[in-house]
Every structure is written in C-alpha cells, then in structure tokens.
Amino acid sequence: MFLRTALLVLRKDAAIEAKSWEVLTTTVFFAVSAVLVFSFAFVKEGEPLEDAAAGILWIAVAFSGTLALGRTFERERYAETLRALLLGPAPRPALYVGKLLGILAVLGIAELLLTPLVALLFHAALFARPGLMAALLVTGTTGFGCVGTLFAAMLVRARSRDVLLPILLYPITIPVIIAGVRGTSALLASPPDEATAVMWIGILTAFDVVFVTLALWTFEPLMTD
Amino acid sequence: MSHVSLTLARGDIVGLLGPNGAGKSTLVGMLATLVSPSAGEVRFGDRGAGALGGELRRRIGLLAHELYLYPELSARQNLTFFAQMYGLDPRGVVDQALERAGLSARAEDAVSEFSRGMRQRLALERALLHGPRLVLLDEPFTGLDDSAVSLVAERLRQLAAGGAIVVLATHDLDLADGLVSRVALVQGGRLAVDEPAAPGLRARYRSAIAH
Amino acid sequence: MKKLFVPLVVTVAALFVAAPYMIAQAPYESTMGLVQKIFYFHVPSWMAMYTAIAVCAISSAVFLFKNNKTADAYAVAGAEVAVLFGLMGLVSGPLWGRKAWGVWWQWDVRLTTALLMELIFIACLLVRKYGGPGSEKLAAATALFGGATAPFVYKSVDIWRTVHPKTSVVPELLKGSMPGSGLPFALSAIGFVLLATLLMMVRVALARRQMALDELYLDYEES
C-alpha cells in the first residue's frame, strides 16, 4: 500500500507534467542560465574560473531545485488537491515519498544536462570518475530534496511561501552543499582524490538517512492543521 | 470554534447550517480528520479518529468548496487516479461515475475546460467513488441548475437510506429544506441549535442566521 | 517554575555583579592581553545560545506531536533567546578576532556553525511573523530540522576547514591552560546560562498570558 501509493502519486505527477512539460523545461533552463551568469561573474583574467566548477554546479542544482519544488507544490495548491490526497486511505508519509521521487526525477534530469555543460564551460573533468560523481549527485540531491519536499509541502498553505522556502531550506541544507562541493572538487583534482570523495559521500548518506527519517516522522503532524 | 459537541447517527442527513465564516468548513475538516482539534476529540463508534488512521479515511468522502480535481488531467484520468488511490479497480467504477455525473461524452477532456457546474458534478462523483459511510459535503449545490440539484438531493437521500451518515454544510436554507433530517446550526464558532429538522427552515432559523 | 523565579533573579544578579570583578582579577593572556578577556563573555554567550536552541528544538518536537500550546510557548521563547545570545556571540567573535588576529572573520568552525544556527532560528521567527495562520507548526518543524542539522554543519565545516591552516587560539584557551581563568569562566558561564533560563521563563509567561487573553477575547466575542 505504501509503495503503491507513492508510485501512484509519482505517475500522476508525471502524467500532469507530460501535458505541458512546464516544470521540467523551466527548471532546466533556469539552471543553465544560472550557470552562465556564474561563469561571467566568476572570472579571472578574463576567463571563467576553473576552480569554480564544483561550486557552480551545486549552486545551480540548489537554486533550480527550490524553483522546481515551488512549482510542483503550486499545482497541488490550485484545487487544494493535496488535501484530497491526505484524505485517502494510504499512510500519509507515502504521499511524501511520492512527491520526493518526483522532485528527484526532475532534478536528476536537470543534472544530466548540467554536468556536461559545466564540464564543458569550465574545462572540468567531471567525468573522470563517473561512478563516484553520480553517487555524490544522487546522495546530495536526495539530501536537498528530502528536506525541500517536506518544507515545500508544509508551506503550501502559508503566506509568503515563495520566499520562505529558500530562507528555511538553505541554512539547513548547508552540509549538503559543503559535502557536494568538496566531494566534487576532490574528484576534479589531478589525480582524483577518491578517498575524500568517498568520505563526503558517506556524510551525505548519513544526512539522507537522518533527514528522510525525520521527514517521514513529521509529515503527518505537519500536514494536519 | 469552541464548545461543539455533536453526535451523528447512521441514516441521518445532517444540515450544518449557518452564515459564512461561522465555522462550518472547519467542523467538516475535523470530521474528515484533516484538521485536528486543539481540545477534545472526534470519535467514530467508540474509537478515536487518531487511532483509526487510514482505515477510517477509507470510509469518508469529502466534497469541499475547492473541488479537489486536477485541472490538467481529464475527467477520466482524475477519477481513475482517485479510484486507484482508494484501492478500487478503475474499470468497474470510473465509467459508472462518469455516467452518473452526466459527463461520459466529455470524459477525455481536461477538467480545466469544464464549467463550474460540470466540475461540481464530477467532484461529487469523485467523493462518492469508494462508497463512503460518512459523506461530508461543503456547499455541494454551487453552480448546479435545478434538475442537477434534485438529482444530487435524491442521491443523498439514497445514501442515507443505505445507512450512510450525510453531513451537508450549506448557507442555503431553501435547498436544505425537506432534505435534511437534522439541523445543526453553527454560529460564531459555537453550536447554537441541534435538533431534528422540521419543515420551514428559513422561517424557523432566519433570525438565528441573520444575527 | 514560578517558585524558582525570585531565587534565579537573585543568583543572576549576584553573578553579574561578581563577574566583572573576577574577570578583572583574572590573569592576562600572554599574546593577546586585555582583549582576550572578551572570552569570558563570548563563550558563555554560545553556551546560553545552545541551551536555548535545545529548549526550542525539544519543545518544538513536543508541540508537533502533542499539539501542546505550552510547548509552543517554550519554542518561541527558546528561539528568541537563542537569536539574542547568538547575536551577542556573533558580534563579540569578530571583535575579538579583529584585535587578536587582524581579520574580522575567518570561517572558524564554531563561529560558522553558530552563524548558521542563528540564521535558522531567525528563519523560525520569520516564519512565525510572515507565514500567516498556522505558522507555529512550520516554525516547530524548522527548529526541529535545524537542531538536527547542527552536528552535520559542525562536522562538514570542520572537515572543510582542516584543509586551510588554522589560526585559532581558542582550543588552547578552552583546555584551561591558563591558571586562574577557571573560576571567572565558570561564573560567567553559569551566569549566562541562568540569564538565558530567566529570559525564557519570562517569555513563556508572557506567551501564556497572551494565549489566555486570546481565549478570553474569543469567549467574550461569542457571548
């Protein structure tokens, strides 16, 4: 029942997204323009700063993630359908998992496009250790996404929700940013520092476990007024 | 809301009456377990709402003002999704529900293209899809023409006759007249009246509502 | 709690009168001189802040799961006191750093973690103010998640910083290598933590009176 509900929610969101592809295209294009802005902003002697690649990748993910979260939950706000979901017989944390999977899918697709772009613009060897890089991105995006999904869900009925989401989300997910950027930098070193990257992946995994658990635990009390 | 104590029995059609802002929607929300009361509790049978969780929600149907329909999806897709959420086989129930709502011809059209009345009818069917025993309706007659209103009223009578509890929150006394079997008047967050219904609701409660 | 109030006020007053004397008596640290004495103010500020954060995070959890209004009062009291003492720490830290090491800010682990905690609890208060009705629960979730992230922040900033050279003298000080600094420090620490407790108690009382007033007002409106 739990998993089935989560997948039903995911499929429903995919069906809605497939009608217009709005969230996906705007998220990806926003991420791309963020990367471009950064490459013009962080320059050294007229050239984009190559060491900035790691940071820029993760900032682009964080910023576009916040937007995507806002947009997906805006859809549930329109006809208060989030309440209809809560009314269903499924355990409410299953709804959270469904929404989380959706956000991870959107960000995953964005990252598939962003990583080569950043690698290209900054001459960064992001694919030197593709397995570790992928692990970093997966654990990091999950960390960011799990806290973000919970906060976006709880802010659906709040005022000033657009600006409150980043205010709440960014300080709490700073460890994800630090770990992601440092891990990516380690992989960009020559030769790639695998041990450090693995350590950061470990920290991200611990973060994911703690915060997914916390989110599952607090979802229901937060969503009932 | 404060100091509300209400007991509902099977076969009742309870009219939750009162002016706008009196707290009817909040009370409906509490009955639907979407809102938890700050003091006191909601009990079903002899067990508390919190303890029963998902199993209880399976037996509750709610039609709220906001309608709970995804505008981007078609009527059929909406009903299919909710049928699956309730663990029903969509093939059996969706077509029947579309038929009842009178929307079989427009089943594949996106809900965003529907008029308010059409959405209302679809939303009602969505709420009743899983055969709930507690039917909560918040202003269900909005946007409906007379024939649709009588169809819905008949449907509610059948539900009550079948042993369901129907709670109908509305500010329209004329529509409630002759339909409800009990009256619960909510005013300023309190339960002002709780008695069996008698004909002539408007005259009887006009002063209370106008207050 | 009420019975503790007067003794607490007396104790705190006594400590705050005694502390400056003790601090003045404490020995000078060799390299930094007089400026080092800001330590007796700076570190206890953190201790007070983290006490308040603990109160806020725990009462937020209680509020989320039990819907207990008193817990909410403790949560808002904890958040406000945490922000207050955090601000004191964040102002005294750079002041000390500037005089002692020449730079206002150098990403020291403790300062950075404290800065992030401060941001999180300011966010808590912002949510209460701008989030509209029902925002107490949102603030409670923020406090809970904020408390949970603190160890992660500390660890990741710490590892991040070990790449860069440390120029912090604080670890040596905290190990108590300075004889004669123990007593003034203990007094300051206790004084600050008790002051934080006192302020929280006052704030909780205020919040509860506000809630009682709101309820009376509602009752009056309906009759």
# chains A, B, ... in the order shown; residues from 1 in each chain; ligands from 1

$ interface_residues --of "chain A" --to "chain B" --cutoff "10 Å" --atoms "only C-alpha atoms" --output "ChimeraX atom specification"
/A:1,4-6,8-9,11-12,15-20,75-92,220-221,223-225

$ interface_residues --of "chain C" --to "chain B" --cutoff "12 Å" --atoms "only C-alpha atoms" --output "list in words"
Phe63, Leu64, Phe65, Lys66, Asn67, Asn68, Lys69, Gly134, Glu215, Leu216, Leu218, Asp219, Tyr220, Glu221, Glu222 and Ser223 of chain C

$ write_last_selection --atoms "N, CA and C atoms" --output "short mmCIF file (atom, residue, chain, number, x, y, z; two decimals), in the first residue's frame"
data_model
loop_
_atom_site.label_atom_id
_atom_site.label_comp_id
_atom_site.auth_asym_id
_atom_site.auth_seq_id
_atom_site.Cartn_x
_atom_site.Cartn_y
_atom_site.Cartn_z
N PHE C 63 5.55 19.99 20.64
CA PHE C 63 4.42 20.72 20.07
C PHE C 63 3.91 20.05 18.80
N LEU C 64 4.83 19.61 17.96
CA LEU C 64 4.43 18.98 16.70
C LEU C 64 3.61 17.73 16.94
N PHE C 65 4.05 16.92 17.92
CA PHE C 65 3.39 15.63 18.08
C PHE C 65 2.26 15.64 19.08
N LYS C 66 2.29 16.57 20.03
CA LYS C 66 1.22 16.55 21.02
C LYS C 66 0.31 17.75 20.92
N ASN C 67 0.63 18.69 20.05
CA ASN C 67 -0.21 19.87 19.88
C ASN C 67 -0.42 20.63 21.19
N ASN C 68 0.59 20.65 22.02
CA ASN C 68 0.50 21.24 23.34
C ASN C 68 0.89 22.72 23.27
N LYS C 69 -0.05 23.60 23.62
CA LYS C 69 0.22 25.02 23.44
C LYS C 69 1.36 25.53 24.31
N GLY C 134 -1.43 29.43 11.45
CA GLY C 134 -0.91 28.06 11.47
C GLY C 134 0.59 27.97 11.32
N GLU C 215 -7.99 33.62 24.37
CA GLU C 215 -9.15 32.76 24.64
C GLU C 215 -10.27 33.53 25.29
N LEU C 216 -9.90 34.38 26.24
CA LEU C 216 -10.93 35.19 26.89
C LEU C 216 -11.62 36.09 25.87
N LEU C 218 -11.97 35.58 22.70
CA LEU C 218 -12.87 34.78 21.86
C LEU C 218 -14.18 34.49 22.58
N ASP C 219 -14.05 34.12 23.84
CA ASP C 219 -15.26 33.82 24.62
C ASP C 219 -16.15 35.05 24.69
N TYR C 220 -15.50 36.19 24.89
CA TYR C 220 -16.27 37.43 25.02
C TYR C 220 -16.98 37.74 23.71
N GLU C 221 -16.28 37.53 22.61
CA GLU C 221 -16.86 37.84 21.30
C GLU C 221 -18.10 37.03 21.02
N GLU C 222 -18.11 35.79 21.51
CA GLU C 222 -19.21 34.91 21.15
C GLU C 222 -20.43 35.09 22.02
N SER C 223 -20.23 35.64 23.20
CA SER C 223 -21.38 35.71 24.12
C SER C 223 -22.29 36.88 23.81
#

$ interface_residues --of "chain C" --to "chain A" --cutoff "7 Å" --atoms "only C-alpha atoms" --output "list in words"
Leu64, Phe65, Leu116, Leu119, Ile120, Ala123, Tyr130, Gly131, Gly132, Gly134, Lys137, Leu138, Thr142, Gly146, Thr149, Phe152, Val153 and Ser156 of chain C

$ write_last_selection --atoms "C-alpha atoms" --output "compact mmCIF listing (two decimals), in the first residue's frame"
# COMPACT_ATOMS: atom_id res chain seq x y z
CA LEU C 64 4.43 18.98 16.70
CA PHE C 65 3.39 15.63 18.08
CA LEU C 116 24.16 29.06 10.54
CA LEU C 119 20.16 32.04 10.57
CA ILE C 120 17.98 29.00 11.13
CA ALA C 123 14.15 31.94 9.96
CA TYR C 130 5.14 36.21 7.94
CA GLY C 131 3.79 32.72 7.48
CA GLY C 132 0.18 33.54 8.19
CA GLY C 134 -0.91 28.06 11.47
CA LYS C 137 3.79 24.28 13.28
CA LEU C 138 6.02 25.41 10.43
CA THR C 142 12.18 24.43 11.19
CA GLY C 146 17.61 23.00 12.42
CA THR C 149 21.36 19.60 11.16
CA PHE C 152 26.18 17.86 10.30
CA VAL C 153 27.02 21.52 9.89
CA SER C 156 31.27 19.36 7.46

$ atom_distance --atom1 "atom CA of B:Pro19" --atom2 "atom CA of B:His171"
5.7 Å

$ atom_distance --atom1 "atom CA of C:Ala79" --atom2 "atom CA of C:Gly93"
20.6 Å

$ select_by_dssp --residues "stretch 14-131 of chain B" --states "alpha helix (DSSP H)" --output "PDB file with N, CA and C atoms, in the first residue's frame"
ATOM      1  N   LYS B  24     -18.400  26.311   9.778  1.00  0.00           N
ATOM      2  CA  LYS B  24     -18.902  25.052   9.212  1.00  0.00           C
ATOM      3  C   LYS B  24     -17.789  24.282   8.539  1.00  0.00           C
ATOM      4  N   SER B  25     -16.982  24.998   7.725  1.00  0.00           N
ATOM      5  CA  SER B  25     -15.924  24.302   6.986  1.00  0.00           C
ATOM      6  C   SER B  25     -14.901  23.708   7.927  1.00  0.00           C
ATOM      7  N   THR B  26     -14.609  24.419   9.019  1.00  0.00           N
ATOM      8  CA  THR B  26     -13.653  23.879   9.987  1.00  0.00           C
ATOM      9  C   THR B  26     -14.184  22.595  10.601  1.00  0.00           C
ATOM     10  N   LEU B  27     -15.455  22.613  10.940  1.00  0.00           N
ATOM     11  CA  LEU B  27     -16.047  21.420  11.539  1.00  0.00           C
ATOM     12  C   LEU B  27     -16.013  20.252  10.565  1.00  0.00           C
ATOM     13  N   VAL B  28     -16.325  20.535   9.313  1.00  0.00           N
ATOM     14  CA  VAL B  28     -16.259  19.489   8.296  1.00  0.00           C
ATOM     15  C   VAL B  28     -14.835  18.960   8.200  1.00  0.00           C
ATOM     16  N   GLY B  29     -13.860  19.861   8.238  1.00  0.00           N
ATOM     17  CA  GLY B  29     -12.467  19.451   8.191  1.00  0.00           C
ATOM     18  C   GLY B  29     -12.103  18.539   9.345  1.00  0.00           C
ATOM     19  N   MET B  30     -12.649  18.829  10.505  1.00  0.00           N
ATOM     20  CA  MET B  30     -12.349  17.984  11.668  1.00  0.00           C
ATOM     21  C   MET B  30     -12.965  16.615  11.502  1.00  0.00           C
ATOM     22  N   LEU B  31     -14.186  16.580  10.972  1.00  0.00           N
ATOM     23  CA  LEU B  31     -14.834  15.286  10.760  1.00  0.00           C
ATOM     24  C   LEU B  31     -14.074  14.463   9.732  1.00  0.00           C
ATOM     25  N   ALA B  49     -10.430   9.128  16.366  1.00  0.00           N
ATOM     26  CA  ALA B  49     -10.047   9.261  14.954  1.00  0.00           C
ATOM     27  C   ALA B  49      -8.569   8.997  14.747  1.00  0.00           C
ATOM     28  N   GLY B  50      -7.754   9.469  15.671  1.00  0.00           N
ATOM     29  CA  GLY B  50      -6.314   9.329  15.514  1.00  0.00           C
ATOM     30  C   GLY B  50      -5.891   7.873  15.449  1.00  0.00           C
ATOM     31  N   ALA B  51      -6.535   7.057  16.288  1.00  0.00           N
ATOM     32  CA  ALA B  51      -6.128   5.652  16.343  1.00  0.00           C
ATOM     33  C   ALA B  51      -6.491   4.908  15.069  1.00  0.00           C
ATOM     34  N   LEU B  52      -7.568   5.335  14.421  1.00  0.00           N
ATOM     35  CA  LEU B  52      -8.071   4.545  13.287  1.00  0.00           C
ATOM     36  C   LEU B  52      -7.318   4.818  11.989  1.00  0.00           C
ATOM     37  N   GLY B  53      -6.842   6.011  11.804  1.00  0.00           N
ATOM     38  CA  GLY B  53      -5.988   6.308  10.655  1.00  0.00           C
ATOM     39  C   GLY B  53      -6.572   5.986   9.298  1.00  0.00           C
ATOM     40  N   GLY B  54      -5.785   5.305   8.486  1.00  0.00           N
ATOM     41  CA  GLY B  54      -6.125   5.084   7.081  1.00  0.00           C
ATOM     42  C   GLY B  54      -7.424   4.322   6.882  1.00  0.00           C
ATOM     43  N   GLU B  55      -7.674   3.350   7.751  1.00  0.00           N
ATOM     44  CA  GLU B  55      -8.886   2.554   7.597  1.00  0.00           C
ATOM     45  C   GLU B  55     -10.130   3.418   7.704  1.00  0.00           C
ATOM     46  N   LEU B  56     -10.053   4.399   8.600  1.00  0.00           N
ATOM     47  CA  LEU B  56     -11.183   5.301   8.767  1.00  0.00           C
ATOM     48  C   LEU B  56     -11.364   6.156   7.525  1.00  0.00           C
ATOM     49  N   ARG B  57     -10.256   6.652   7.007  1.00  0.00           N
ATOM     50  CA  ARG B  57     -10.362   7.559   5.875  1.00  0.00           C
ATOM     51  C   ARG B  57     -10.950   6.858   4.658  1.00  0.00           C
ATOM     52  N   ALA B  75     -11.296  14.167 -17.093  1.00  0.00           N
ATOM     53  CA  ALA B  75     -12.248  13.658 -16.105  1.00  0.00           C
ATOM     54  C   ALA B  75     -11.937  12.200 -15.795  1.00  0.00           C
ATOM     55  N   ARG B  76     -11.715  11.437 -16.851  1.00  0.00           N
ATOM     56  CA  ARG B  76     -11.432  10.016 -16.653  1.00  0.00           C
ATOM     57  C   ARG B  76     -10.142   9.818 -15.860  1.00  0.00           C
ATOM     58  N   GLN B  77      -9.100  10.598 -16.208  1.00  0.00           N
ATOM     59  CA  GLN B  77      -7.830  10.447 -15.508  1.00  0.00           C
ATOM     60  C   GLN B  77      -7.964  10.792 -14.029  1.00  0.00           C
ATOM     61  N   ASN B  78      -8.729  11.844 -13.742  1.00  0.00           N
ATOM     62  CA  ASN B  78      -8.949  12.219 -12.348  1.00  0.00           C
ATOM     63  C   ASN B  78      -9.603  11.077 -11.583  1.00  0.00           C
ATOM     64  N   LEU B  79     -10.702  10.555 -12.154  1.00  0.00           N
ATOM     65  CA  LEU B  79     -11.438   9.501 -11.453  1.00  0.00           C
ATOM     66  C   LEU B  79     -10.596   8.240 -11.330  1.00  0.00           C
ATOM     67  N   THR B  80      -9.860   7.918 -12.398  1.00  0.00           N
ATOM     68  CA  THR B  80      -9.021   6.722 -12.349  1.00  0.00           C
ATOM     69  C   THR B  80      -7.975   6.841 -11.252  1.00  0.00           C
ATOM     70  N   PHE B  81      -7.342   8.002 -11.168  1.00  0.00           N
ATOM     71  CA  PHE B  81      -6.320   8.198 -10.141  1.00  0.00           C
ATOM     72  C   PHE B  81      -6.891   7.991  -8.750  1.00  0.00           C
ATOM     73  N   PHE B  82      -8.019   8.661  -8.484  1.00  0.00           N
ATOM     74  CA  PHE B  82      -8.573   8.546  -7.138  1.00  0.00           C
ATOM     75  C   PHE B  82      -9.105   7.147  -6.857  1.00  0.00           C
ATOM     76  N   ALA B  83      -9.623   6.487  -7.899  1.00  0.00           N
ATOM     77  CA  ALA B  83     -10.071   5.105  -7.700  1.00  0.00           C
ATOM     78  C   ALA B  83      -8.890   4.246  -7.264  1.00  0.00           C
ATOM     79  N   GLN B  84      -7.766   4.428  -7.966  1.00  0.00           N
ATOM     80  CA  GLN B  84      -6.594   3.619  -7.621  1.00  0.00           C
ATOM     81  C   GLN B  84      -6.062   3.967  -6.236  1.00  0.00           C
ATOM     82  N   MET B  85      -6.133   5.240  -5.868  1.00  0.00           N
ATOM     83  CA  MET B  85      -5.682   5.630  -4.530  1.00  0.00           C
ATOM     84  C   MET B  85      -6.488   4.921  -3.456  1.00  0.00           C
ATOM     85  N   PRO B  90     -10.314   0.508 -11.317  1.00  0.00           N
ATOM     86  CA  PRO B  90     -10.924   1.625 -12.044  1.00  0.00           C
ATOM     87  C   PRO B  90     -11.903   1.193 -13.129  1.00  0.00           C
ATOM     88  N   ARG B  91     -11.662   0.049 -13.736  1.00  0.00           N
ATOM     89  CA  ARG B  91     -12.528  -0.350 -14.843  1.00  0.00           C
ATOM     90  C   ARG B  91     -13.974  -0.447 -14.411  1.00  0.00           C
ATOM     91  N   GLY B  92     -14.179  -0.902 -13.179  1.00  0.00           N
ATOM     92  CA  GLY B  92     -15.564  -1.060 -12.728  1.00  0.00           C
ATOM     93  C   GLY B  92     -16.248   0.261 -12.454  1.00  0.00           C
ATOM     94  N   VAL B  93     -15.568   1.121 -11.693  1.00  0.00           N
ATOM     95  CA  VAL B  93     -16.270   2.273 -11.115  1.00  0.00           C
ATOM     96  C   VAL B  93     -16.223   3.555 -11.933  1.00  0.00           C
ATOM     97  N   VAL B  94     -15.160   3.744 -12.720  1.00  0.00           N
ATOM     98  CA  VAL B  94     -14.981   5.045 -13.364  1.00  0.00           C
ATOM     99  C   VAL B  94     -16.090   5.334 -14.373  1.00  0.00           C
ATOM    100  N   ASP B  95     -16.384   4.357 -15.224  1.00  0.00           N
ATOM    101  CA  ASP B  95     -17.412   4.611 -16.240  1.00  0.00           C
ATOM    102  C   ASP B  95     -18.758   4.907 -15.599  1.00  0.00           C
ATOM    103  N   GLN B  96     -19.057   4.153 -14.543  1.00  0.00           N
ATOM    104  CA  GLN B  96     -20.325   4.356 -13.844  1.00  0.00           C
ATOM    105  C   GLN B  96     -20.399   5.767 -13.265  1.00  0.00           C
ATOM    106  N   ALA B  97     -19.287   6.196 -12.671  1.00  0.00           N
ATOM    107  CA  ALA B  97     -19.263   7.524 -12.067  1.00  0.00           C
ATOM    108  C   ALA B  97     -19.422   8.609 -13.131  1.00  0.00           C
ATOM    109  N   LEU B  98     -18.756   8.418 -14.275  1.00  0.00           N
ATOM    110  CA  LEU B  98     -18.880   9.391 -15.363  1.00  0.00           C
ATOM    111  C   LEU B  98     -20.326   9.482 -15.825  1.00  0.00           C
ATOM    112  N   GLU B  99     -20.959   8.315 -15.910  1.00  0.00           N
ATOM    113  CA  GLU B  99     -22.362   8.236 -16.307  1.00  0.00           C
ATOM    114  C   GLU B  99     -23.243   9.036 -15.355  1.00  0.00           C
ATOM    115  N   ARG B 100     -23.042   8.796 -14.061  1.00  0.00           N
ATOM    116  CA  ARG B 100     -23.849   9.481 -13.047  1.00  0.00           C
ATOM    117  C   ARG B 100     -23.650  10.975 -13.091  1.00  0.00           C
ATOM    118  N   ALA B 101     -22.413  11.389 -13.390  1.00  0.00           N
ATOM    119  CA  ALA B 101     -22.150  12.822 -13.431  1.00  0.00           C
ATOM    120  C   ALA B 101     -22.626  13.440 -14.741  1.00  0.00           C
ATOM    121  N   ARG B 116     -18.259  25.391 -14.013  1.00  0.00           N
ATOM    122  CA  ARG B 116     -18.310  25.139 -12.579  1.00  0.00           C
ATOM    123  C   ARG B 116     -19.279  24.002 -12.261  1.00  0.00           C
ATOM    124  N   GLY B 117     -20.435  24.025 -12.921  1.00  0.00           N
ATOM    125  CA  GLY B 117     -21.446  23.001 -12.656  1.00  0.00           C
ATOM    126  C   GLY B 117     -20.940  21.603 -13.005  1.00  0.00           C
ATOM    127  N   MET B 118     -20.247  21.509 -14.148  1.00  0.00           N
ATOM    128  CA  MET B 118     -19.722  20.207 -14.555  1.00  0.00           C
ATOM    129  C   MET B 118     -18.674  19.718 -13.562  1.00  0.00           C
ATOM    130  N   ARG B 119     -17.822  20.659 -13.135  1.00  0.00           N
ATOM    131  CA  ARG B 119     -16.791  20.268 -12.172  1.00  0.00           C
ATOM    132  C   ARG B 119     -17.420  19.814 -10.863  1.00  0.00           C
ATOM    133  N   GLN B 120     -18.481  20.523 -10.476  1.00  0.00           N
ATOM    134  CA  GLN B 120     -19.158  20.166  -9.232  1.00  0.00           C
ATOM    135  C   GLN B 120     -19.685  18.739  -9.302  1.00  0.00           C
ATOM    136  N   ARG B 121     -20.314  18.391 -10.422  1.00  0.00           N
ATOM    137  CA  ARG B 121     -20.880  17.046 -10.570  1.00  0.00           C
ATOM    138  C   ARG B 121     -19.772  16.003 -10.550  1.00  0.00           C
ATOM    139  N   LEU B 122     -18.676  16.321 -11.238  1.00  0.00           N
ATOM    140  CA  LEU B 122     -17.557  15.376 -11.262  1.00  0.00           C
ATOM    141  C   LEU B 122     -16.959  15.224  -9.868  1.00  0.00           C
ATOM    142  N   ALA B 123     -16.825  16.357  -9.168  1.00  0.00           N
ATOM    143  CA  ALA B 123     -16.246  16.313  -7.829  1.00  0.00           C
ATOM    144  C   ALA B 123     -17.112  15.482  -6.889  1.00  0.00           C
ATOM    145  N   LEU B 124     -18.413  15.586  -7.045  1.00  0.00           N
ATOM    146  CA  LEU B 124     -19.299  14.785  -6.203  1.00  0.00           C
ATOM    147  C   LEU B 124     -19.088  13.302  -6.448  1.00  0.00           C
ATOM    148  N   GLU B 125     -18.993  12.926  -7.716  1.00  0.00           N
ATOM    149  CA  GLU B 125     -18.755  11.509  -8.026  1.00  0.00           C
ATOM    150  C   GLU B 125     -17.416  11.047  -7.514  1.00  0.00           C
ATOM    151  N   ARG B 126     -16.429  11.937  -7.595  1.00  0.00           N
ATOM    152  CA  ARG B 126     -15.113  11.564  -7.091  1.00  0.00           C
ATOM    153  C   ARG B 126     -15.185  11.286  -5.598  1.00  0.00           C
ATOM    154  N   ALA B 127     -15.952  12.119  -4.896  1.00  0.00           N
ATOM    155  CA  ALA B 127     -16.055  11.957  -3.446  1.00  0.00           C
ATOM    156  C   ALA B 127     -16.780  10.668  -3.085  1.00  0.00           C
ATOM    157  N   LEU B 128     -17.698  10.225  -3.961  1.00  0.00           N
ATOM    158  CA  LEU B 128     -18.508   9.050  -3.626  1.00  0.00           C
ATOM    159  C   LEU B 128     -17.987   7.761  -4.241  1.00  0.00           C
TER     160      LEU B 128
END

$ atom_distance --atom1 "atom CA of C:Lys37" --atom2 "atom CA of C:Ala24"
8.4 Å

$ select_by_dssp --residues "stretch 59-188 of chain B" --states "strand (DSSP E or B)" --output "PyMOL selection string"
chain B and resi 60-63+74+110+134-138+165-170+182-187

$ closest_residue --among "C:Phe39, C:Leu15, C:Met47, C:Ala77" --to "C:Pro94" --atoms "only C-alpha atoms"
C:Phe39

$ residues_around --residues "C:Leu144" --least-positions-apart "2" --cutoff "9 Å" --atoms "only C-alpha atoms" --output "VMD selection string"
(chain A and resid 214) or (chain C and resid 56 to 61 139 to 142 146 to 149)

$ write_last_selection --atoms "C-alpha atoms" --output "compact mmCIF listing (two decimals), in the first residue's frame"
# COMPACT_ATOMS: atom_id res chain seq x y z
CA LEU A 214 12.79 12.85 10.32
CA CYS C 56 13.44 25.28 21.36
CA ALA C 57 14.14 22.07 19.44
CA ILE C 58 12.76 19.78 22.13
CA SER C 59 9.64 21.81 22.80
CA SER C 60 9.09 22.09 19.04
CA ALA C 61 9.08 18.32 18.78
CA ALA C 139 8.34 27.13 12.88
CA ALA C 140 8.39 24.00 15.02
CA ALA C 141 9.47 21.91 12.03
CA THR C 142 12.18 24.43 11.19
CA GLY C 146 17.61 23.00 12.42
CA GLY C 147 18.58 21.24 15.61
CA ALA C 148 19.08 18.00 13.71
CA THR C 149 21.36 19.60 11.16

$ residues_around --residues "C:Ser188" --least-positions-apart "6" --cutoff "8 Å" --atoms "only C-alpha atoms" --output "PyMOL selection string"
chain C and resi 15-16+19+40-41+44

$ residues_around --residues "A:Pro191" --least-positions-apart "5" --cutoff "12 Å" --atoms "only C-alpha atoms" --output "tab-separated table (two decimals) with C-alpha atoms, in the first residue's frame"
chain	number	residue	atom	x	y	z
A	125	ALA	CA	37.00	16.74	-15.62
A	128	ALA	CA	36.94	11.28	-14.59
A	129	ARG	CA	35.24	9.09	-12.01
A	185	SER	CA	36.46	19.30	-6.03
A	186	ALA	CA	38.21	16.21	-4.75
